[in-house]
Structure formats: C-alpha cells, structure tokens
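Structure data follow from entry.tsv (TSV, C-alpha atoms):
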chain	number	residue	atom	x	y	z
A	1	MET	CA	2.47	22.75	-11.31
A	2	LYS	CA	3.95	21.22	-10.87
A	3	LYS	CA	7.75	0.79	9.29
A	4	SER	CA	9.83	-2.50	16.56
A	5	LYS	CA	11.92	-4.35	14.25
A	6	ALA	CA	10.00	-5.37	11.22
A	7	LEU	CA	9.63	-8.88	9.85
A	8	ILE	CA	9.49	-7.52	6.38
A	9	LEU	CA	11.28	-4.93	4.38
A	10	CYS	CA	9.57	-3.05	1.47
A	11	LEU	CA	10.31	-2.99	-2.19
A	12	SER	CA	11.52	-1.87	-5.53
A	13	ALA	CA	14.04	0.80	-4.61
A	14	VAL	CA	16.00	0.50	-7.81
A	15	LEU	CA	12.88	0.53	-9.95
A	16	ALA	CA	11.40	3.49	-8.12
A	17	VAL	CA	14.55	5.55	-8.40
A	18	SER	CA	14.96	4.73	-12.08
A	19	MET	CA	11.49	6.04	-12.83
A	20	LEU	CA	12.20	9.12	-10.78
A	21	ALA	CA	15.43	9.90	-12.89
A	22	GLY	CA	9.76	6.95	-10.47
A	23	CYS	CA	-5.26	3.77	3.12
A	24	GLY	CA	-10.98	6.01	4.96
A	25	SER	CA	-13.39	3.81	7.08
A	26	SER	CA	-16.48	1.64	6.65
A	27	GLY	CA	-18.26	-1.24	8.36
A	28	SER	CA	-16.93	-4.80	8.48
A	29	SER	CA	-18.09	-6.94	5.61
A	30	SER	CA	-17.15	-10.18	3.91
A	31	SER	CA	-17.47	-11.73	0.48
A	32	SER	CA	-16.49	-14.93	-1.30
A	33	SER	CA	-15.34	-15.76	-4.79
A	34	THR	CA	-15.20	-19.10	-6.57
A	35	LYS	CA	-13.61	-20.50	-9.72
A	36	LYS	CA	-14.15	-18.50	-12.83
A	37	SER	CA	-11.80	-17.49	-15.60
A	38	SER	CA	-10.76	-13.84	-15.25
A	39	SER	CA	-10.66	-11.73	-18.34
A	40	LYS	CA	-7.78	-9.43	-19.26
A	41	SER	CA	-8.54	-6.01	-20.57
A	42	SER	CA	-7.15	-5.33	-24.02
A	43	THR	CA	-5.95	-1.96	-22.75
A	44	GLU	CA	-3.49	-3.79	-20.45
A	45	GLU	CA	-1.80	-5.80	-23.18
A	46	GLY	CA	1.80	-4.84	-23.82
A	47	THR	CA	1.90	-2.27	-21.02
A	48	LEU	CA	4.23	-1.80	-18.07
A	49	PHE	CA	1.48	-3.32	-15.92
A	50	THR	CA	1.44	-6.64	-17.82
A	51	GLU	CA	5.24	-6.68	-17.88
A	52	TYR	CA	5.38	-6.36	-14.10
A	53	LYS	CA	2.65	-9.00	-13.63
A	54	ALA	CA	4.73	-11.47	-15.65
A	55	LYS	CA	7.82	-10.65	-13.57
A	56	MET	CA	5.83	-11.13	-10.37
A	57	GLU	CA	4.65	-14.59	-11.42
A	58	LYS	CA	8.23	-15.54	-12.38
A	59	LEU	CA	9.46	-14.48	-8.94
A	60	LEU	CA	6.77	-16.65	-7.32
A	61	ASP	CA	7.58	-19.74	-9.42
A	62	PRO	CA	6.71	-22.56	-8.80
A	63	LEU	CA	3.16	-21.30	-8.81
A	64	PRO	CA	0.49	-23.08	-6.72
A	65	GLU	CA	-1.69	-25.81	-8.20
A	66	LYS	CA	-5.10	-24.76	-9.43
A	67	ASN	CA	-8.33	-26.17	-7.92
A	68	LYS	CA	-6.44	-27.79	-5.01
A	69	THR	CA	-7.03	-25.43	-2.08
A	70	LYS	CA	-10.63	-25.09	-0.92
A	71	SER	CA	-10.80	-21.87	1.10
A	72	ILE	CA	-8.49	-19.14	2.36
A	73	GLY	CA	-9.03	-15.81	4.14
A	74	LEU	CA	-7.90	-12.26	3.53
A	75	ILE	CA	-8.15	-9.40	6.05
A	76	VAL	CA	-7.94	-5.85	4.73
A	77	SER	CA	-8.46	-2.30	5.93
A	78	PRO	CA	-11.61	-0.43	4.82
A	79	THR	CA	-12.28	-0.67	1.09
A	80	SER	CA	-13.68	2.83	1.12
A	81	ASN	CA	-10.01	3.56	0.47
A	82	SER	CA	-9.38	2.86	-3.21
A	83	TYR	CA	-6.01	1.22	-2.47
A	84	TRP	CA	-7.67	-1.58	-0.50
A	85	ALA	CA	-10.56	-1.84	-2.95
A	86	THR	CA	-8.09	-2.41	-5.82
A	87	LEU	CA	-6.04	-4.85	-3.75
A	88	VAL	CA	-9.20	-6.88	-3.13
A	89	GLU	CA	-9.94	-6.79	-6.86
A	90	GLY	CA	-6.55	-8.35	-7.59
A	91	ALA	CA	-6.98	-10.90	-4.81
A	92	LYS	CA	-10.40	-11.97	-6.08
A	93	ASP	CA	-9.15	-12.29	-9.66
A	94	CYS	CA	-6.33	-14.56	-8.48
A	95	ALA	CA	-8.80	-16.66	-6.46
A	96	LYS	CA	-10.96	-17.07	-9.57
A	97	ASP	CA	-7.94	-18.00	-11.67
A	98	TYR	CA	-6.88	-20.68	-9.16
A	99	GLY	CA	-10.29	-22.07	-8.24
A	100	VAL	CA	-10.30	-21.25	-4.53
A	101	ASN	CA	-12.96	-19.73	-2.28
A	102	LEU	CA	-11.70	-16.43	-0.88
A	103	ASP	CA	-13.23	-15.02	2.31
A	104	VAL	CA	-12.49	-11.28	2.40
A	105	THR	CA	-13.26	-9.29	5.55
A	106	GLN	CA	-12.45	-5.65	6.20
A	107	THR	CA	-11.85	-3.82	9.47
A	108	GLN	CA	-13.91	-0.90	10.76
A	109	SER	CA	-11.03	1.56	10.35
A	110	ASP	CA	-7.32	1.79	9.65
A	111	THR	CA	-6.61	1.61	13.40
A	112	ASP	CA	-9.17	-1.06	14.37
A	113	PHE	CA	-6.52	-3.05	16.25
A	114	SER	CA	-8.81	-5.24	18.40
A	115	GLY	CA	-11.33	-5.64	15.58
A	116	GLN	CA	-8.66	-6.92	13.23
A	117	LEU	CA	-7.56	-9.46	15.85
A	118	ASP	CA	-11.19	-10.61	16.26
A	119	ILE	CA	-11.48	-11.13	12.49
A	120	LEU	CA	-8.31	-13.25	12.42
A	121	ASN	CA	-9.53	-15.41	15.31
A	122	THR	CA	-12.89	-15.84	13.59
A	123	MET	CA	-11.20	-17.02	10.39
A	124	VAL	CA	-9.11	-19.48	12.40
A	125	SER	CA	-12.30	-20.83	14.02
A	126	LYS	CA	-13.77	-21.31	10.52
A	127	ASN	CA	-10.79	-23.55	9.67
A	128	GLU	CA	-9.58	-21.54	6.70
A	129	GLU	CA	-6.55	-23.31	5.23
A	130	ALA	CA	-4.56	-20.10	5.33
A	131	VAL	CA	-5.15	-16.43	6.17
A	132	ALA	CA	-3.37	-13.37	4.83
A	133	PHE	CA	-3.40	-10.02	6.61
A	134	SER	CA	-1.74	-6.62	6.87
A	135	PRO	CA	-1.27	-5.90	10.60
A	136	GLN	CA	-2.42	-2.43	11.60
A	137	SER	CA	0.30	-2.25	14.23
A	138	GLY	CA	3.45	-4.21	14.98
A	139	THR	CA	1.82	-6.23	17.78
A	140	ASN	CA	-2.00	-6.24	17.51
A	141	LEU	CA	-2.20	-9.61	15.71
A	142	ILE	CA	0.47	-11.49	17.70
A	143	GLN	CA	-2.00	-13.54	19.78
A	144	GLY	CA	-4.12	-14.27	16.73
A	145	ILE	CA	-1.09	-15.57	14.83
A	146	VAL	CA	-0.17	-17.81	17.77
A	147	ASN	CA	-3.76	-19.07	17.78
A	148	ALA	CA	-3.56	-19.80	14.06
A	149	ASN	CA	-0.26	-21.66	14.51
A	150	LYS	CA	-1.81	-23.86	17.23
A	151	ASN	CA	-4.76	-24.67	14.96
A	152	ASN	CA	-2.64	-25.44	11.88
A	153	VAL	CA	-3.95	-22.46	9.93
A	154	LYS	CA	-1.17	-21.03	7.78
A	155	THR	CA	-0.45	-17.32	8.09
A	156	VAL	CA	0.80	-14.88	5.47
A	157	LEU	CA	1.96	-11.36	6.17
A	158	ASN	CA	0.91	-9.00	3.42
A	159	GLY	CA	2.75	-5.75	3.27
A	160	THR	CA	2.91	-4.02	6.63
A	161	ALA	CA	5.22	-4.45	9.62
A	162	LEU	CA	5.17	-7.01	12.38
A	163	ASP	CA	7.29	-6.98	15.53
A	164	GLU	CA	9.45	-10.04	14.95
A	165	ASP	CA	10.84	-10.12	18.48
A	166	ALA	CA	7.38	-9.91	20.07
A	167	LEU	CA	6.09	-12.71	17.84
A	168	LYS	CA	9.05	-14.94	18.66
A	169	GLN	CA	8.67	-14.23	22.37
A	170	ALA	CA	5.00	-15.24	22.15
A	171	GLY	CA	5.99	-18.51	20.49
A	172	GLY	CA	4.48	-17.73	17.11
A	173	HIS	CA	5.65	-17.68	13.52
A	174	ILE	CA	4.62	-16.47	10.09
A	175	ASP	CA	4.53	-18.98	7.22
A	176	GLY	CA	5.09	-16.50	4.43
A	177	ALA	CA	5.38	-12.81	3.65
A	178	THR	CA	4.99	-10.46	0.74
A	179	VAL	CA	6.52	-7.03	0.92
A	180	VAL	CA	5.58	-3.37	0.64
A	181	ASP	CA	8.28	-0.94	1.79
A	182	CYS	CA	6.29	1.98	3.14
A	183	TYR	CA	9.39	3.63	4.57
A	184	HIS	CA	10.94	3.60	1.13
A	185	GLN	CA	7.77	5.04	-0.36
A	186	GLY	CA	8.20	8.00	1.99
A	187	GLU	CA	11.83	8.33	0.93
A	188	VAL	CA	11.05	8.36	-2.77
A	189	ASN	CA	8.10	10.70	-2.32
A	190	ALA	CA	10.26	13.23	-0.48
A	191	ALA	CA	13.13	12.80	-2.93
A	192	PHE	CA	10.78	13.72	-5.77
A	193	VAL	CA	9.58	16.85	-3.96
A	194	ALA	CA	13.15	17.79	-3.01
A	195	LYS	CA	14.46	17.38	-6.55
A	196	LYS	CA	11.70	19.58	-7.92
A	197	ASN	CA	12.88	22.28	-5.51
A	198	LYS	CA	16.63	21.73	-5.95
A	199	ASN	CA	16.83	20.51	-2.32
A	200	LYS	CA	15.95	23.95	-0.95
A	201	GLY	CA	13.06	25.41	1.03
A	202	LYS	CA	10.38	24.59	3.56
A	203	VAL	CA	8.26	21.42	3.34
A	204	ALA	CA	5.42	19.72	5.23
A	205	ILE	CA	4.39	16.10	5.71
A	206	ILE	CA	0.74	15.00	5.89
A	207	GLY	CA	0.41	11.59	7.57
A	208	GLY	CA	-2.54	9.22	7.79
A	209	SER	CA	-3.73	7.79	11.12
A	210	GLU	CA	-1.41	7.84	14.13
A	211	GLY	CA	-0.31	4.28	14.90
A	212	ALA	CA	-1.14	3.01	11.41
A	213	THR	CA	2.07	1.28	10.33
A	214	GLN	CA	2.01	2.25	6.68
A	215	SER	CA	1.52	5.91	7.50
A	216	ASP	CA	4.10	6.02	10.29
A	217	ASP	CA	6.70	4.44	7.99
A	218	ARG	CA	5.99	6.81	5.12
A	219	VAL	CA	6.28	9.78	7.45
A	220	SER	CA	9.59	8.48	8.84
A	221	GLY	CA	10.97	7.87	5.36
A	222	ALA	CA	10.01	11.36	4.23
A	223	LYS	CA	11.38	13.07	7.36
A	224	ASP	CA	14.72	11.29	7.07
A	225	THR	CA	15.01	12.14	3.39
A	226	TYR	CA	14.23	15.82	3.85
A	227	LYS	CA	16.81	15.95	6.64
A	228	LYS	CA	19.44	14.42	4.37
A	229	LYS	CA	18.57	16.89	1.63
A	230	GLY	CA	18.91	19.81	4.02
A	231	MET	CA	15.30	20.94	3.68
A	232	GLU	CA	13.32	22.37	6.60
A	233	VAL	CA	10.25	20.37	7.72
A	234	VAL	CA	7.94	23.01	9.18
A	235	ALA	CA	4.98	20.72	9.96
A	236	VAL	CA	4.10	17.04	10.33
A	237	GLN	CA	0.36	16.49	10.77
A	238	ASN	CA	-1.82	13.35	10.69
A	239	CYS	CA	-5.09	13.71	8.78
A	240	ASP	CA	-6.50	10.17	9.03
A	241	PHE	CA	-6.15	9.57	5.28
A	242	ASP	CA	-9.00	12.04	4.82
A	243	ALA	CA	-9.10	14.60	2.00
A	244	GLN	CA	-11.13	17.21	3.89
A	245	LYS	CA	-8.89	17.06	6.95
A	246	ALA	CA	-5.85	17.41	4.71
A	247	TYR	CA	-7.45	20.36	2.96
A	248	GLU	CA	-8.04	22.18	6.24
A	249	THR	CA	-4.60	21.30	7.63
A	250	VAL	CA	-2.70	22.32	4.52
A	251	LYS	CA	-4.61	25.57	4.33
A	252	ASN	CA	-3.47	26.39	7.88
A	253	ILE	CA	0.13	25.31	7.24
A	254	ALA	CA	0.44	27.23	3.99
A	255	THR	CA	-1.09	30.33	5.56
A	256	ALA	CA	1.44	30.18	8.41
A	257	HIS	CA	4.27	29.44	5.97
A	258	PRO	CA	3.57	31.27	2.71
A	259	ASP	CA	7.07	30.36	1.48
A	260	LEU	CA	6.28	26.63	1.63
A	261	VAL	CA	7.64	24.78	-1.42
A	262	GLY	CA	6.65	21.13	-0.99
A	263	ILE	CA	4.30	18.64	0.69
A	264	THR	CA	4.59	14.86	1.09
A	265	CYS	CA	1.16	13.23	1.58
A	266	CYS	CA	0.80	9.62	2.74
A	267	ASN	CA	-2.04	8.84	0.34
A	268	ASP	CA	-3.63	10.38	-2.72
A	269	ASP	CA	-6.88	11.41	-1.05
A	270	MET	CA	-4.94	13.71	1.24
A	271	ALA	CA	-2.74	14.90	-1.61
A	272	LEU	CA	-5.82	15.99	-3.55
A	273	GLY	CA	-7.13	17.77	-0.47
A	274	ALA	CA	-3.79	19.57	-0.25
A	275	VAL	CA	-3.98	20.58	-3.90
A	276	ARG	CA	-7.46	22.03	-3.38
A	277	ALA	CA	-6.23	24.13	-0.46
A	278	LEU	CA	-3.23	25.39	-2.40
A	279	LYS	CA	-5.35	26.35	-5.38
A	280	GLU	CA	-7.57	28.45	-3.15
A	281	LEU	CA	-4.49	30.19	-1.74
A	282	ASP	CA	-3.04	30.67	-5.22
A	283	LEU	CA	0.01	28.60	-4.22
A	284	ASN	CA	-0.47	25.63	-6.50
A	285	ASP	CA	2.34	26.71	-8.82
A	286	GLN	CA	4.73	27.27	-5.92
A	287	VAL	CA	4.17	24.12	-3.82
A	288	VAL	CA	5.09	20.65	-5.12
A	289	VAL	CA	2.70	17.95	-3.84
A	290	CYS	CA	3.27	14.19	-4.05
A	291	GLY	CA	0.88	11.48	-2.82
A	292	VAL	CA	0.83	7.67	-2.59
A	293	ASP	CA	-1.37	5.06	-4.34
A	294	PHE	CA	-1.86	6.35	-7.93
A	295	THR	CA	-5.64	6.41	-7.70
A	296	ASP	CA	-7.81	7.30	-10.69
A	297	ALA	CA	-8.49	10.72	-9.20
A	298	ALA	CA	-4.78	11.33	-8.71
A	299	LYS	CA	-4.12	10.27	-12.29
A	300	GLU	CA	-6.58	12.82	-13.60
A	301	SER	CA	-5.15	15.53	-11.38
A	302	ILE	CA	-1.63	14.84	-12.65
A	303	LYS	CA	-2.90	14.87	-16.22
A	304	ASN	CA	-4.51	18.25	-15.56
A	305	GLY	CA	-1.28	19.70	-14.18
A	306	GLU	CA	-2.53	20.01	-10.59
A	307	LEU	CA	-1.03	17.17	-8.52
A	308	ASP	CA	2.70	16.89	-9.20
A	309	GLY	CA	3.25	13.20	-8.46
A	310	THR	CA	2.25	10.03	-6.64
A	311	ILE	CA	3.78	6.68	-5.69
A	312	ALA	CA	2.29	3.87	-7.80
A	313	GLN	CA	2.68	0.58	-5.96
A	314	SER	CA	0.05	-1.48	-7.81
A	315	PRO	CA	-2.42	-2.63	-5.14
A	316	TYR	CA	-3.94	-4.94	-7.78
A	317	LEU	CA	-0.65	-6.83	-8.26
A	318	ASN	CA	-0.06	-6.79	-4.51
A	319	GLY	CA	-3.45	-8.43	-3.97
A	320	TYR	CA	-2.82	-10.97	-6.73
A	321	ALA	CA	0.66	-11.79	-5.38
A	322	CYS	CA	-0.71	-12.08	-1.84
A	323	ILE	CA	-3.17	-14.79	-2.88
A	324	LEU	CA	-0.52	-16.64	-4.89
A	325	MET	CA	1.70	-16.63	-1.79
A	326	THR	CA	-1.19	-17.73	0.45
A	327	LEU	CA	-2.01	-20.63	-1.89
A	328	LYS	CA	1.63	-21.72	-2.03
A	329	VAL	CA	1.74	-21.76	1.79
A	330	ALA	CA	-1.60	-23.59	2.03
A	331	GLN	CA	-0.26	-26.23	-0.34
A	332	GLY	CA	2.87	-26.84	1.74
A	333	GLN	CA	5.47	-24.83	-0.16
A	334	ASP	CA	8.25	-23.35	1.98
A	335	VAL	CA	8.22	-19.73	0.87
A	336	GLY	CA	9.50	-17.56	3.72
A	337	ASN	CA	9.89	-13.89	2.78
A	338	MET	CA	9.78	-13.63	-0.98
A	339	GLY	CA	11.36	-10.18	-1.11
A	340	ASP	CA	10.66	-7.74	-3.91
A	341	ILE	CA	7.48	-8.96	-5.63
A	342	VAL	CA	5.43	-5.95	-6.62
A	343	PRO	CA	7.04	-2.87	-8.16
A	344	ALA	CA	6.60	0.69	-6.94
A	345	THR	CA	7.40	3.85	-8.86
A	346	VAL	CA	6.89	7.58	-8.88
A	347	VAL	CA	4.41	8.82	-11.46
A	348	SER	CA	4.40	12.39	-12.69
A	349	LYS	CA	3.20	14.08	-15.85
A	350	SER	CA	6.48	13.18	-17.58
A	351	ASN	CA	5.89	9.40	-17.43
A	352	LEU	CA	2.10	9.21	-17.12
A	353	SER	CA	1.73	7.77	-20.64
A	354	LYS	CA	3.75	4.68	-19.62
A	355	MET	CA	1.20	3.79	-16.93
A	356	LYS	CA	-1.70	2.77	-19.19
A	357	GLY	CA	-3.72	-0.04	-17.59
A	358	TRP	CA	-1.93	0.33	-14.23
A	359	LYS	CA	-3.96	-0.58	-11.15
What would the structure in this file look like if it were written as structure tokens?
Amino acid sequence: MKKSKALILCLSAVLAVSMLAGCGSSGSSSSSSTKKSSSKSSTEEGTLFTEYKAKMEKLLDPLPEKNKTKSIGLIVSPTSNSYWATLVEGAKDCAKDYGVNLDVTQTQSDTDFSGQLDILNTMVSKNEEAVAFSPQSGTNLIQGIVNANKNNVKTVLNGTALDEDALKQAGGHIDGATVVDCYHQGEVNAAFVAKKNKNKGKVAIIGGSEGATQSDDRVSGAKDTYKKKGMEVVAVQNCDFDAQKAYETVKNIATAHPDLVGITCCNDDMALGAVRALKELDLNDQVVVCGVDFTDAAKESIKNGELDGTIAQSPYLNGYACILMTLKVAQGQDVGNMGDIVPATVVSKSNLSKMKGWK
C-alpha cells in the first residue's frame, strides 16, 4: 500500500527532501523534575537519532551551564497526543541533565486559547526564570508575553507561529525561539503523496482543529503543493486530530470520490483512522495516505504495509532543544531565532530501518 506574519519559520527542508528522494485533549496538569542523570538507551547508539541529537547540541553551542538555573516553565498542548507526550519526555530529560526544576503544564485542548494565556500568566506570577510555550494561535499569548516582559521573565517561542506585528504593537518581545516549520511539513507530506501517484488524480486533506496554528499551516502547505503539482483537491476537512472523526470523514469522502488516490493527514492518529476507513472500503491499495508525527502506532502500520508514510519531526529532540534554548535565555545568552535545530523527514517503508531509536 502503499503557519499573520510569523515570528518563526520551520525547518529542515533540505533534509526532508533528501529522505523523500524523507497534536487529542485532557485536563490541565503540572509536574516537576529535578537533577538526575538521564540514561541513554543502547538501541539509540549509532543511529540517525543520536547523530541528529549531536548536531542539535552543536547548533546550540555554547550550551547553558549545568546546575545554575533554578526553575523554568513549559506550556504544552494535551499530552494525550503522543507528540506532546514525547516532547515533554525530551524536555524533562534535558532538565534532569542540566539540574533545573521544570514546571510542565498542559492546556485543556489544542484550541484552549484563553486557558493557555492563564497558564502563562500563572507561571509569570510564580517568578519562573523563563517560560517556553507553543502559542495555539498567532495572538492568544500576546498579553501574557507583555506581562512576562514587564516582570523580567524570559520568554521562548517553541515551534508554532506568533504574529510578530501584533506583538510589536503591544510593546512585547520574545527572548528566543526554536523552530518547527508546519507549513513545510504539509508541503513534504503532499509531495510524497503526489510522487506516489505521478502527480495525477484526486486527493483530500484531513486537518486538525480549526484555528490551531500547526494544523492550519500543514493544510496550507499541502494545498499549495497539490496545486503546484496539478492534482485536484476534492475535500479539506478538519477532524480535531481525532482518529474516529477522521475515519468517519474519510469514509464519506472516499465513498463520494471512489477514484480518490491520496490523502494528507495533519497527524498520525487521523492518518490511522483514514487507513481503517479505506481498508473497510477495499481502497487501501489505491489511496496513498501520509500522516505527521511518526508515532509508534504509525511505525507499526508502515511496517505492516498499511500506512504509506509519515513526517518524523522528533518531538523528543524538539523538547530537549527547547529546554536548552530556555536555559540559555535564562542565563543571559543572546540567542534570538536559532533557525533549523531539529530535523524533520518523511518516513516510509523504504527507509524505516534507518529510524531505529527515533522519538
């Protein structure tokens, strides 16, 4: 079987293309981690994952001092989504490695705009030395960032878009940024699907939650790519990053368009829901499906010849890099936008063996 002008741009276009020729809801919760040496799995040694981790640390040189910063905060979307759960894993491992308390709090949903702002303001009131976050829209955290600036709490943008003009107009600034190019992820996803179909036929795009920056950017990237390739986009539907909703939606789309040849999904949960629908319609061999995140379930599906591909962006390394950046900012380093830090690539059955230990 087969991102409103943004403050940040996303990453690893060259790497992703070379491999091609390669977020769910829950209640708000918080946790802390303290100094402890993190262990490295023997299965990661000598893999592409460890190679990219070494490159990431070189890009972030000089690294922050260990055991110098006392406490920092991290705001994430619901960890019921495996992407955010793995990002938090990487963030906590970095905090242990560098001897800093990490306060992690998650939002109620992927579009909990006011809730995310409340969390940021709470962290500022707790006098965290720095706070990292991934805004759920281009403007929902503007007032919180201004509040942090006034209270000398450093701010780090992790991954998603922020309206630079709106922030400047409000008198605020960001102290550092890491990057995840969600628009590019959509481009590469669609390019993979298009190549599998020789740039011909009808395709569909399954988005996440309307207004969620990462989803909107992936959808835009995919739509623009399909247009350039000359393929017909017959449907664009948001399914809230939910597998069951994607299953039902894809079943309806494929029934209405039995000659469908490809689907771009904005996360792996939805991609797997799409695969399930296509299997029931006996269209799994006809329709190429590509997701985003490279979850364990997606990996198994690719191995079994069901899901065709996914975008692996290493949430673990993104989380680790985010904390390194946050520590550098907390310790007074002038970092700005570091550019391409964490790699992203398309994974399919042809290169799955190279991804051992990836997370």
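Taking all atoms listed in the file into account, Leu63 (chain A) lies nearest to A:Lys328 out of the set A:His184, A:Lys328, A:Lys245, A:Lys227.
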- For Val236 (chain A), which residue out of A:Ile142, A:Asn81, A:Thr264, A:Pro258 is the nearest one, using only C-alpha atoms? A:Thr264
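Here CA of Val233 (chain A) and CA of Glu280 (chain A) stand 22.4 Å from one another.
With only C-alpha atoms as the atoms that count, the residue of A:Leu307, A:Gly262, A:Ala246, A:Asp216 with the shortest distance to Thr111 (chain A) is A:Asp216.
Computed from the coordinates, the CA of Ala177 (chain A) to CA of Asp224 (chain A) distance equals 26.1 Å.
Here CA of Ala190 (chain A) and CA of Leu278 (chain A) stand 18.3 Å from one another.
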- So which one's closest to Ala132 (chain A), A:Ala191, A:Ala274, A:Leu324, A:Met338? Using only C-alpha atoms, please. A:Leu324
- Message: I'd like to know which of A:Cys290, A:Gly73, A:Gly171, A:Asp334 is closest to Ser125 (chain A), using only C-alpha atoms.
- Response: A:Gly73
- Task: Give as an MDAnalysis selection string each residue that has an atom at most 10 Å from (-9.8, -7.4, 10.3) in the file, counting all atoms listed in the file.
- Result: chainID A and resid 28:29 74:78 104:110 112:123 133:136 141
- Query: Given the choices A:Ile206, A:Ala254, A:Leu352, A:Ile174, which gets closest to Ile302 (chain A) if the distance is worked out from all atoms listed in the file?
  - Reply: A:Leu352
- Message: What's around Leu162 (chain A) at 12 Å? Count all atoms listed in the file, leave out sequence neighbours fewer than 2 positions away in its own chain, and write the answer as a ChimeraX atom specification.
- Response: /A:3-9,133-142,145,156-160,164-168,172-174,177,179,212-214
Got a minute to add N, CA and C atoms to region 160-187 of chain A and dump it as a compact mmCIF listing (two decimals), in the coordinates of the input?
# COMPACT_ATOMS: atom_id res chain seq x y z
N THR A 160 2.51 -4.89 5.54
CA THR A 160 2.91 -4.02 6.63
C THR A 160 3.74 -4.72 7.69
N ALA A 161 4.24 -3.96 8.65
CA ALA A 161 5.22 -4.45 9.62
C ALA A 161 4.65 -5.33 10.70
N LEU A 162 5.49 -6.18 11.23
CA LEU A 162 5.17 -7.01 12.38
C LEU A 162 6.39 -7.04 13.27
N ASP A 163 6.18 -6.95 14.58
CA ASP A 163 7.29 -6.98 15.53
C ASP A 163 7.79 -8.42 15.65
N GLU A 164 8.89 -8.68 15.00
CA GLU A 164 9.45 -10.04 14.95
C GLU A 164 9.83 -10.56 16.33
N ASP A 165 10.42 -9.71 17.14
CA ASP A 165 10.84 -10.12 18.48
C ASP A 165 9.64 -10.48 19.35
N ALA A 166 8.59 -9.66 19.26
CA ALA A 166 7.38 -9.91 20.07
C ALA A 166 6.71 -11.21 19.65
N LEU A 167 6.68 -11.47 18.34
CA LEU A 167 6.09 -12.71 17.84
C LEU A 167 6.88 -13.92 18.31
N LYS A 168 8.19 -13.84 18.23
CA LYS A 168 9.05 -14.94 18.66
C LYS A 168 8.89 -15.19 20.16
N GLN A 169 8.82 -14.11 20.92
CA GLN A 169 8.67 -14.23 22.37
C GLN A 169 7.34 -14.88 22.74
N ALA A 170 6.32 -14.65 21.91
CA ALA A 170 5.00 -15.24 22.15
C ALA A 170 4.91 -16.68 21.65
N GLY A 171 5.96 -17.14 20.98
CA GLY A 171 5.99 -18.51 20.49
C GLY A 171 5.29 -18.70 19.16
N GLY A 172 5.16 -17.64 18.39
CA GLY A 172 4.48 -17.73 17.11
C GLY A 172 5.41 -17.58 15.92
N HIS A 173 4.87 -17.83 14.75
CA HIS A 173 5.65 -17.68 13.52
C HIS A 173 4.73 -17.36 12.35
N ILE A 174 5.31 -16.75 11.34
CA ILE A 174 4.62 -16.47 10.09
C ILE A 174 5.08 -17.48 9.05
N ASP A 175 4.17 -17.97 8.21
CA ASP A 175 4.53 -18.98 7.22
C ASP A 175 4.99 -18.38 5.90
N GLY A 176 4.66 -17.15 5.66
CA GLY A 176 5.09 -16.50 4.43
C GLY A 176 4.85 -15.01 4.49
N ALA A 177 5.55 -14.26 3.65
CA ALA A 177 5.38 -12.81 3.65
C ALA A 177 5.60 -12.23 2.26
N THR A 178 4.75 -11.30 1.90
CA THR A 178 4.99 -10.46 0.74
C THR A 178 5.43 -9.10 1.26
N VAL A 179 5.92 -8.25 0.43
CA VAL A 179 6.52 -7.03 0.92
C VAL A 179 5.99 -5.75 0.29
N VAL A 180 5.85 -4.73 1.10
CA VAL A 180 5.58 -3.37 0.64
C VAL A 180 6.41 -2.45 1.54
N ASP A 181 7.38 -1.77 0.99
CA ASP A 181 8.28 -0.94 1.79
C ASP A 181 7.74 0.47 1.92
N CYS A 182 6.92 0.67 2.95
CA CYS A 182 6.29 1.98 3.14
C CYS A 182 7.31 3.05 3.52
N TYR A 183 8.33 2.68 4.26
CA TYR A 183 9.39 3.63 4.57
C TYR A 183 10.04 4.13 3.29
N HIS A 184 10.31 3.21 2.40
CA HIS A 184 10.94 3.60 1.13
C HIS A 184 10.02 4.48 0.29
N GLN A 185 8.72 4.20 0.36
CA GLN A 185 7.77 5.04 -0.36
C GLN A 185 7.88 6.49 0.12
N GLY A 186 8.01 6.66 1.44
CA GLY A 186 8.20 8.00 1.99
C GLY A 186 9.49 8.63 1.51
N GLU A 187 10.55 7.83 1.43
CA GLU A 187 11.83 8.33 0.93
C GLU A 187 11.71 8.83 -0.51
